[in-house]
file protein_16.cif (mmCIF, C-alpha atoms)
data_data
#
loop_
_atom_site.label_atom_id
_atom_site.label_comp_id
_atom_site.auth_asym_id
_atom_site.auth_seq_id
_atom_site.Cartn_x
_atom_site.Cartn_y
_atom_site.Cartn_z
CA MET A 1 0.00 0.00 0.00
CA VAL A 2 1.29 3.45 -0.94
CA PHE A 3 0.62 6.18 1.59
CA MET A 4 0.31 9.87 0.89
CA LYS A 5 2.92 12.33 2.04
CA LEU A 6 2.03 15.18 4.38
CA PHE A 7 3.23 18.65 3.41
CA VAL A 8 3.40 21.13 6.29
CA TRP A 9 3.50 24.74 5.12
CA ASP A 10 4.47 27.95 6.88
CA PHE A 11 2.60 31.10 5.85
CA HIS A 12 4.47 34.37 6.47
CA GLY A 13 7.63 34.54 4.40
CA THR A 14 6.78 31.31 2.57
CA LEU A 15 3.36 31.25 0.90
CA GLU A 16 3.13 35.05 0.98
CA LYS A 17 5.43 37.92 0.13
CA GLY A 18 5.51 41.55 1.17
CA ASN A 19 4.90 41.01 4.86
CA GLU A 20 8.33 42.42 5.72
CA ARG A 21 7.30 45.82 4.35
CA GLY A 22 4.01 45.56 6.17
CA VAL A 23 5.87 44.93 9.42
CA ILE A 24 7.95 48.07 8.88
CA ALA A 25 4.80 50.13 8.22
CA LEU A 26 3.04 48.75 11.31
CA SER A 27 6.14 49.27 13.45
CA ASN A 28 6.28 52.91 12.40
CA GLU A 29 2.61 53.28 13.29
CA ALA A 30 3.32 51.79 16.73
CA LEU A 31 6.22 54.23 17.20
CA ALA A 32 4.03 57.19 16.25
CA ARG A 33 1.30 56.19 18.69
CA ARG A 34 3.84 56.01 21.51
CA GLY A 35 5.19 59.44 20.62
CA PHE A 36 8.57 58.37 19.24
CA THR A 37 10.01 60.36 16.34
CA GLU A 38 12.37 57.61 15.12
CA ARG A 39 11.22 55.56 12.12
CA PHE A 40 12.27 52.40 10.29
CA SER A 41 13.25 52.66 6.63
CA GLY A 42 13.34 50.18 3.78
CA GLU A 43 17.00 49.49 4.53
CA HIS A 44 16.03 47.95 7.85
CA ILE A 45 14.15 45.13 6.08
CA THR A 46 17.35 43.42 4.97
CA GLN A 47 19.39 44.61 7.94
CA LEU A 48 17.02 43.16 10.56
CA TYR A 49 15.58 40.22 8.62
CA GLY A 50 15.00 37.18 10.79
CA LYS A 51 15.00 39.04 14.10
CA LYS A 52 12.13 39.24 16.61
CA LEU A 53 10.07 42.41 16.64
CA TYR A 54 11.41 43.52 20.00
CA GLU A 55 14.91 43.24 18.51
CA TYR A 56 13.80 45.61 15.72
CA PHE A 57 12.87 48.17 18.36
CA ALA A 58 16.02 47.52 20.38
CA HIS A 59 18.06 48.32 17.27
CA LEU A 60 16.17 51.52 16.53
CA LEU A 61 15.83 52.63 20.17
CA PRO A 62 18.95 51.38 21.97
CA HIS A 63 18.52 54.03 24.67
CA GLU A 64 15.10 52.66 25.68
CA SER A 65 14.54 49.81 28.15
CA PRO A 66 13.85 46.17 27.18
CA ALA A 67 10.38 46.62 28.67
CA THR A 68 9.71 49.42 26.17
CA HIS A 69 10.93 47.26 23.29
CA LEU A 70 8.57 44.46 24.35
CA ARG A 71 5.68 46.91 24.76
CA LEU A 72 6.22 48.18 21.23
CA GLN A 73 6.31 44.61 19.98
CA GLN A 74 2.91 43.93 21.54
CA ASP A 75 1.58 47.19 20.09
CA CYS A 76 2.76 46.12 16.65
CA ILE A 77 1.15 42.69 16.95
CA ALA A 78 -2.15 44.27 17.99
CA LEU A 79 -1.94 46.70 15.06
CA HIS A 80 -1.48 43.76 12.68
CA TYR A 81 -5.15 42.96 13.24
CA GLU A 82 -6.49 46.46 13.95
CA ARG A 83 -5.00 47.95 10.78
CA LEU A 84 -5.61 45.19 8.24
CA ASP A 85 -5.68 47.92 5.61
CA ILE A 86 -1.93 48.42 6.14
CA VAL A 87 -1.30 44.69 5.94
CA MET A 88 -3.39 44.34 2.78
CA GLY A 89 -1.39 47.13 1.16
CA HIS A 90 1.76 45.01 1.31
CA ILE A 91 0.94 41.30 1.51
CA ALA A 92 0.55 39.20 -1.66
CA GLN A 93 0.54 35.61 -2.80
CA ASN A 94 4.10 34.37 -3.22
CA ASP A 95 5.51 33.49 -6.63
CA HIS A 96 4.40 29.99 -7.76
CA ALA A 97 2.49 29.33 -4.52
CA MET A 98 -0.77 28.62 -6.36
CA GLU A 99 0.67 26.15 -8.85
CA VAL A 100 2.71 24.31 -6.21
CA LEU A 101 -0.25 23.93 -3.83
CA GLU A 102 -2.39 22.76 -6.74
CA ALA A 103 0.15 20.08 -7.71
CA VAL A 104 0.70 18.87 -4.14
CA GLY A 105 -3.03 18.78 -3.39
CA LYS A 106 -3.74 16.42 -6.28
CA ARG A 107 -1.66 13.64 -4.74
CA HIS A 108 -0.89 14.38 -1.10
CA ASP A 109 -2.25 15.85 2.11
CA GLN A 110 -1.19 19.34 3.14
CA ILE A 111 -1.74 21.59 6.14
CA LEU A 112 -0.67 25.08 7.11
CA ILE A 113 0.71 26.01 10.53
CA SER A 114 1.31 29.69 11.19
CA ASN A 115 2.50 31.71 14.17
CA THR A 116 -0.56 33.90 13.57
CA ALA A 117 -3.48 33.80 16.00
CA PRO A 118 -6.02 31.19 14.78
CA VAL A 119 -8.87 33.69 14.67
CA HIS A 120 -7.04 35.80 12.04
CA LEU A 121 -5.33 33.13 9.94
CA ALA A 122 -8.28 32.56 7.61
CA GLU A 123 -8.35 36.31 6.88
CA PHE A 124 -4.73 36.25 5.78
CA LEU A 125 -5.36 33.22 3.58
CA ASP A 126 -8.26 35.09 1.98
CA MET A 127 -6.04 38.12 1.37
CA VAL A 128 -3.66 36.08 -0.77
CA ARG A 129 -6.39 33.89 -2.31
CA LEU A 130 -5.10 30.61 -0.94
CA ARG A 131 -7.93 29.72 1.44
CA ARG A 132 -9.33 26.95 -0.77
CA PHE A 133 -6.21 24.85 -0.27
CA PHE A 134 -6.62 24.88 3.50
CA PRO A 135 -10.25 24.32 4.56
CA GLN A 136 -11.29 24.05 8.19
CA GLY A 137 -9.13 21.48 9.95
CA LYS A 138 -6.22 22.04 7.58
CA TYR A 139 -4.90 25.35 8.92
CA PHE A 140 -3.65 25.98 12.45
CA GLY A 141 -2.49 29.08 14.29
CA ALA A 142 0.20 28.61 16.92
CA ASP A 143 -0.27 32.23 18.13
CA ALA A 144 3.45 32.17 18.90
CA HIS A 145 3.69 35.90 19.63
CA HIS A 146 1.22 35.64 22.49
CA PRO A 147 2.95 35.24 25.89
CA ASP A 148 0.54 32.43 26.83
CA ALA A 149 0.99 30.42 23.61
CA GLN A 150 0.44 26.74 24.39
CA SER A 151 1.82 24.84 21.41
CA SER A 152 4.78 24.95 19.07
CA LYS A 153 4.45 24.17 15.37
CA GLN A 154 6.13 20.83 16.04
CA GLU A 155 3.51 19.93 18.65
CA ILE A 156 0.62 20.97 16.39
CA ALA A 157 2.03 18.84 13.57
CA GLU A 158 2.48 15.85 15.88
CA ARG A 159 -1.15 16.08 16.99
CA TYR A 160 -2.30 16.15 13.37
CA ILE A 161 -0.08 13.20 12.43
CA ALA A 162 -1.14 11.06 15.42
CA GLY A 163 -3.15 8.04 14.28
CA LYS A 164 -2.43 8.65 10.60
CA LYS A 165 0.07 6.96 8.29
CA PHE A 166 2.12 9.09 5.94
CA GLU A 167 4.91 7.99 3.64
CA LYS A 168 6.90 11.12 4.50
CA ILE A 169 6.55 14.46 6.26
CA VAL A 170 7.67 17.40 4.11
CA SER A 171 7.87 20.78 5.83
CA VAL A 172 8.49 24.12 4.14
CA GLY A 173 9.19 27.37 5.95
CA ASP A 174 11.58 30.26 6.37
CA SER A 175 12.78 29.57 9.93
CA ALA A 176 13.92 26.68 12.11
CA GLY A 177 10.61 26.60 13.99
CA ASP A 178 8.74 25.85 10.75
CA LEU A 179 10.67 22.67 9.99
CA ILE A 180 9.02 19.55 11.38
CA VAL A 181 11.17 16.72 12.68
CA ALA A 182 9.74 13.21 12.07
CA ASP A 183 10.98 9.67 11.52
CA ASN A 184 10.90 10.09 7.75
CA SER A 185 10.99 13.74 6.85
CA ALA A 186 12.37 16.31 4.42
CA THR A 187 12.84 19.93 5.46
CA TYR A 188 12.92 22.86 3.05
CA LEU A 189 14.22 26.20 4.29
CA TYR A 190 12.83 28.88 1.99
CA ALA A 191 13.95 32.48 1.54
CA HIS A 192 12.62 35.13 -0.82
CA PRO A 193 15.18 35.90 -3.56
CA GLU A 194 16.08 39.25 -1.97
CA ASN A 195 16.56 37.87 1.55
CA PRO A 196 19.30 35.73 3.12
CA HIS A 197 18.45 32.27 4.41
CA ARG A 198 18.17 32.13 8.17
CA GLU A 199 20.80 30.15 10.01
CA CYS A 200 19.44 26.67 10.71
CA ALA A 201 19.84 23.08 9.59
CA ALA A 202 17.66 21.93 6.70
CA ASP A 203 17.78 19.23 4.06
CA TYR A 204 17.31 21.79 1.30
CA LYS A 205 17.69 25.55 1.08
CA ILE A 206 15.55 26.99 -1.69
CA ARG A 207 14.46 30.31 -3.19
CA ASP A 208 11.77 28.96 -5.52
CA LEU A 209 8.76 27.07 -4.17
CA ARG A 210 8.72 24.88 -7.27
CA GLU A 211 11.76 23.04 -5.95
CA VAL A 212 9.44 21.36 -3.44
CA LEU A 213 7.73 19.58 -6.34
CA ARG A 214 10.53 17.02 -6.39
CA GLU A 215 8.64 15.46 -3.47
CA ILE A 216 5.43 14.70 -5.35
#

call {"tool": "encode", "arguments": {"input": "protein_16.cif", "output": "structure tokens"}}
result
Amino acid sequence: MVFMKLFVWDFHGTLEKGNERGVIALSNEALARRGFTERFSGEHITQLYGKKLYEYFAHLLPHESPATHLRLQQDCIALHYERLDIVMGHIAQNDHAMEVLEAVGKRHDQILISNTAPVHLAEFLDMVRLRRFFPQGKYFGADAHHPDAQSSKQEIAERYIAGKKFEKIVSVGDSAGDLIVADNSATYLYAHPENPHRECAADYKIRDLREVLREI
């Protein structure tokens, strides 16, 4: 008997593009609301790529306390949902995402696990017109930026896999936390063409989502 593979996708920085510029715009809005005059520029996108939001603010405001950096991070996360108009002005479907998801879906199972809060994840999928690939029960929000987050992406994947038989687990994402470790797995670390790959171990480092199609 031949079993399907399971593809585990990350969202931000993988199936979408443009979020980095949206983060800069939201961060500047958070700064303005707190009365700071400093602002991020486009140059900071590459310079700070891969860092946590509070590290963005620590870089821009080194004279402020860690508590202030964390407060600004929380402000920015809240703005991500309050000001969806800003997000929508930057976020887009990533190159080749549609055709790759179509090809995978014809032969294998696939789920999406994002660090986004579950209540907002469907909205982001709608923004980039990829919702149909991940119906209810196929997308999961780890809400990793919330201080009370209960599950990692690895734990969510393990719960989904439990009781099922897959030939292989293929995970695709742009950070170490997106890559799922399993008995028989393949990990793909993705980076947009203009960004460096983050530092982590992966079976493959790619810049084109179509390279994942070797697995189907």

call {"tool": "residues_around", "arguments": {"input": "protein_16.cif", "residues": "range 62-73 of chain A", "least_positions_apart": "5", "cutoff": "6 Å", "atoms": "only C-alpha atoms", "output": "list in words"}}
result
Leu53, Tyr54 and Phe57 of chain A

call {"tool": "closest_residue", "arguments": {"input": "protein_16.cif", "among": "A:Arg21, A:Ala97, A:Gly163, A:Met4", "to": "Leu48 in chain A", "atoms": "all atoms listed in the file"}}
result
A:Arg21

call {"tool": "atom_distance", "arguments": {"input": "protein_16.cif", "atom1": "CA of Leu112 in chain A", "atom2": "CA of Gln136 in chain A"}}
result
10.7 Å

call {"tool": "resolve_selection", "arguments": {"input": "protein_16.cif", "expression": "the PyMOL selection byres ((chain A and resi 155-157) around 9)", "output": "PyMOL selection string"}}
result
chain A and resi 8+111+113+140-142+151-154+158-162+180

call {"tool": "atom_distance", "arguments": {"input": "protein_16.cif", "atom1": "CA of His120 in chain A", "atom2": "CA of Asp143 in chain A"}}
result
9.8 Å

call {"tool": "resolve_selection", "arguments": {"input": "protein_16.cif", "expression": "the PyMOL selection byres ((chain A and resi 49) around 10)", "output": "list in words"}}
result
Glu20, His44, Ile45, Thr46, Gln47, Leu48, Gly50, Lys51, Lys52, Leu53, Tyr56, Asn195, Pro196, His197 and Arg198 of chain A

call {"tool": "atom_distance", "arguments": {"input": "protein_16.cif", "atom1": "CA of Gln93 in chain A", "atom2": "CA of Asp75 in chain A"}}
result
25.7 Å

call {"tool": "closest_residue", "arguments": {"input": "protein_16.cif", "among": "A:Leu213, A:Ala182, A:Leu60, A:Ala122", "to": "Phe166 in chain A", "atoms": "only C-alpha atoms"}}
result
A:Ala182

call {"tool": "residues_around", "arguments": {"input": "protein_16.cif", "residues": "range 77-91 of chain A", "least_positions_apart": "6", "cutoff": "10 Å", "atoms": "all atoms listed in the file", "output": "list in words"}}
result
His12, Gly13, Glu16, Lys17, Gly18, Asn19, Glu20, Arg21, Gly22, Val23, Ala25, Leu26, Ser27, Glu29, Ala30, Leu53, Arg71, Thr116, Ala117, His120, Glu123, Phe124, Met127, Val128, His145 and His146 of chain A

call {"tool": "build_atoms", "arguments": {"input": "protein_16.cif", "residues": "range 52-78 of chain A", "atoms": "N, CA, C and O atoms", "output": "PDB file, in the coordinates of the input"}}
result
ATOM      1  N   LYS A  52      13.418  39.041  15.951  1.00  0.00           N
ATOM      2  CA  LYS A  52      12.130  39.240  16.610  1.00  0.00           C
ATOM      3  C   LYS A  52      11.779  40.726  16.565  1.00  0.00           C
ATOM      4  O   LYS A  52      12.658  41.592  16.476  1.00  0.00           O
ATOM      5  N   LEU A  53      10.497  41.013  16.697  1.00  0.00           N
ATOM      6  CA  LEU A  53      10.070  42.410  16.640  1.00  0.00           C
ATOM      7  C   LEU A  53      10.705  43.260  17.734  1.00  0.00           C
ATOM      8  O   LEU A  53      11.095  44.405  17.495  1.00  0.00           O
ATOM      9  N   TYR A  54      10.810  42.714  18.937  1.00  0.00           N
ATOM     10  CA  TYR A  54      11.410  43.520  20.000  1.00  0.00           C
ATOM     11  C   TYR A  54      12.864  43.845  19.694  1.00  0.00           C
ATOM     12  O   TYR A  54      13.392  44.883  20.124  1.00  0.00           O
ATOM     13  N   GLU A  55      13.530  42.973  18.911  1.00  0.00           N
ATOM     14  CA  GLU A  55      14.910  43.240  18.510  1.00  0.00           C
ATOM     15  C   GLU A  55      14.956  44.357  17.461  1.00  0.00           C
ATOM     16  O   GLU A  55      15.942  45.110  17.402  1.00  0.00           O
ATOM     17  N   TYR A  56      13.903  44.465  16.627  1.00  0.00           N
ATOM     18  CA  TYR A  56      13.800  45.610  15.720  1.00  0.00           C
ATOM     19  C   TYR A  56      13.832  46.905  16.533  1.00  0.00           C
ATOM     20  O   TYR A  56      14.581  47.837  16.233  1.00  0.00           O
ATOM     21  N   PHE A  57      12.984  46.948  17.563  1.00  0.00           N
ATOM     22  CA  PHE A  57      12.870  48.170  18.360  1.00  0.00           C
ATOM     23  C   PHE A  57      14.120  48.431  19.195  1.00  0.00           C
ATOM     24  O   PHE A  57      14.503  49.572  19.426  1.00  0.00           O
ATOM     25  N   ALA A  58      14.773  47.355  19.639  1.00  0.00           N
ATOM     26  CA  ALA A  58      16.020  47.520  20.380  1.00  0.00           C
ATOM     27  C   ALA A  58      17.101  48.126  19.490  1.00  0.00           C
ATOM     28  O   ALA A  58      17.924  48.934  19.941  1.00  0.00           O
ATOM     29  N   HIS A  59      17.097  47.759  18.226  1.00  0.00           N
ATOM     30  CA  HIS A  59      18.060  48.320  17.270  1.00  0.00           C
ATOM     31  C   HIS A  59      17.787  49.797  17.034  1.00  0.00           C
ATOM     32  O   HIS A  59      18.725  50.613  17.018  1.00  0.00           O
ATOM     33  N   LEU A  60      16.524  50.140  16.847  1.00  0.00           N
ATOM     34  CA  LEU A  60      16.170  51.520  16.530  1.00  0.00           C
ATOM     35  C   LEU A  60      16.227  52.427  17.751  1.00  0.00           C
ATOM     36  O   LEU A  60      16.570  53.610  17.638  1.00  0.00           O
ATOM     37  N   LEU A  61      15.899  51.847  18.928  1.00  0.00           N
ATOM     38  CA  LEU A  61      15.830  52.630  20.170  1.00  0.00           C
ATOM     39  C   LEU A  61      16.738  52.019  21.237  1.00  0.00           C
ATOM     40  O   LEU A  61      16.264  51.554  22.280  1.00  0.00           O
ATOM     41  N   PRO A  62      18.043  52.030  21.010  1.00  0.00           N
ATOM     42  CA  PRO A  62      18.950  51.380  21.970  1.00  0.00           C
ATOM     43  C   PRO A  62      18.961  52.046  23.344  1.00  0.00           C
ATOM     44  O   PRO A  62      19.348  51.425  24.335  1.00  0.00           O
ATOM     45  N   HIS A  63      18.526  53.298  23.403  1.00  0.00           N
ATOM     46  CA  HIS A  63      18.520  54.030  24.670  1.00  0.00           C
ATOM     47  C   HIS A  63      17.294  53.708  25.514  1.00  0.00           C
ATOM     48  O   HIS A  63      17.238  54.082  26.687  1.00  0.00           O
ATOM     49  N   GLU A  64      16.308  53.004  24.932  1.00  0.00           N
ATOM     50  CA  GLU A  64      15.100  52.660  25.680  1.00  0.00           C
ATOM     51  C   GLU A  64      15.267  51.301  26.371  1.00  0.00           C
ATOM     52  O   GLU A  64      16.126  50.499  26.013  1.00  0.00           O
ATOM     53  N   SER A  65      14.423  51.034  27.348  1.00  0.00           N
ATOM     54  CA  SER A  65      14.540  49.810  28.150  1.00  0.00           C
ATOM     55  C   SER A  65      13.989  48.603  27.389  1.00  0.00           C
ATOM     56  O   SER A  65      13.167  48.743  26.477  1.00  0.00           O
ATOM     57  N   PRO A  66      14.425  47.389  27.771  1.00  0.00           N
ATOM     58  CA  PRO A  66      13.850  46.170  27.180  1.00  0.00           C
ATOM     59  C   PRO A  66      12.333  46.105  27.343  1.00  0.00           C
ATOM     60  O   PRO A  66      11.637  45.592  26.461  1.00  0.00           O
ATOM     61  N   ALA A  67      11.825  46.620  28.463  1.00  0.00           N
ATOM     62  CA  ALA A  67      10.380  46.620  28.670  1.00  0.00           C
ATOM     63  C   ALA A  67       9.674  47.461  27.604  1.00  0.00           C
ATOM     64  O   ALA A  67       8.589  47.096  27.123  1.00  0.00           O
ATOM     65  N   THR A  68      10.287  48.578  27.215  1.00  0.00           N
ATOM     66  CA  THR A  68       9.710  49.420  26.170  1.00  0.00           C
ATOM     67  C   THR A  68       9.735  48.702  24.823  1.00  0.00           C
ATOM     68  O   THR A  68       8.775  48.765  24.052  1.00  0.00           O
ATOM     69  N   HIS A  69      10.830  48.009  24.540  1.00  0.00           N
ATOM     70  CA  HIS A  69      10.930  47.260  23.290  1.00  0.00           C
ATOM     71  C   HIS A  69       9.842  46.195  23.210  1.00  0.00           C
ATOM     72  O   HIS A  69       9.214  46.009  22.159  1.00  0.00           O
ATOM     73  N   LEU A  70       9.604  45.500  24.312  1.00  0.00           N
ATOM     74  CA  LEU A  70       8.570  44.460  24.350  1.00  0.00           C
ATOM     75  C   LEU A  70       7.170  45.075  24.228  1.00  0.00           C
ATOM     76  O   LEU A  70       6.287  44.506  23.583  1.00  0.00           O
ATOM     77  N   ARG A  71       6.974  46.247  24.845  1.00  0.00           N
ATOM     78  CA  ARG A  71       5.680  46.910  24.760  1.00  0.00           C
ATOM     79  C   ARG A  71       5.383  47.315  23.308  1.00  0.00           C
ATOM     80  O   ARG A  71       4.263  47.154  22.818  1.00  0.00           O
ATOM     81  N   LEU A  72       6.391  47.810  22.629  1.00  0.00           N
ATOM     82  CA  LEU A  72       6.220  48.180  21.230  1.00  0.00           C
ATOM     83  C   LEU A  72       5.954  46.951  20.359  1.00  0.00           C
ATOM     84  O   LEU A  72       5.173  47.022  19.398  1.00  0.00           O
ATOM     85  N   GLN A  73       6.584  45.851  20.710  1.00  0.00           N
ATOM     86  CA  GLN A  73       6.310  44.610  19.980  1.00  0.00           C
ATOM     87  C   GLN A  73       4.841  44.220  20.120  1.00  0.00           C
ATOM     88  O   GLN A  73       4.185  43.878  19.125  1.00  0.00           O
ATOM     89  N   GLN A  74       4.315  44.262  21.328  1.00  0.00           N
ATOM     90  CA  GLN A  74       2.910  43.930  21.540  1.00  0.00           C
ATOM     91  C   GLN A  74       1.990  44.910  20.832  1.00  0.00           C
ATOM     92  O   GLN A  74       0.955  44.514  20.280  1.00  0.00           O
ATOM     93  N   ASP A  75       2.361  46.190  20.829  1.00  0.00           N
ATOM     94  CA  ASP A  75       1.580  47.190  20.090  1.00  0.00           C
ATOM     95  C   ASP A  75       1.527  46.826  18.609  1.00  0.00           C
ATOM     96  O   ASP A  75       0.467  46.922  17.969  1.00  0.00           O
ATOM     97  N   CYS A  76       2.667  46.434  18.075  1.00  0.00           N
ATOM     98  CA  CYS A  76       2.760  46.120  16.650  1.00  0.00           C
ATOM     99  C   CYS A  76       1.917  44.895  16.307  1.00  0.00           C
ATOM    100  O   CYS A  76       1.241  44.851  15.276  1.00  0.00           O
ATOM    101  N   ILE A  77       1.949  43.893  17.174  1.00  0.00           N
ATOM    102  CA  ILE A  77       1.150  42.690  16.950  1.00  0.00           C
ATOM    103  C   ILE A  77      -0.338  43.023  16.965  1.00  0.00           C
ATOM    104  O   ILE A  77      -1.117  42.555  16.120  1.00  0.00           O
ATOM    105  N   ALA A  78      -0.748  43.859  17.915  1.00  0.00           N
ATOM    106  CA  ALA A  78      -2.150  44.270  17.990  1.00  0.00           C
ATOM    107  C   ALA A  78      -2.552  45.057  16.734  1.00  0.00           C
ATOM    108  O   ALA A  78      -3.651  44.874  16.192  1.00  0.00           O
TER     109      ALA A  78
END
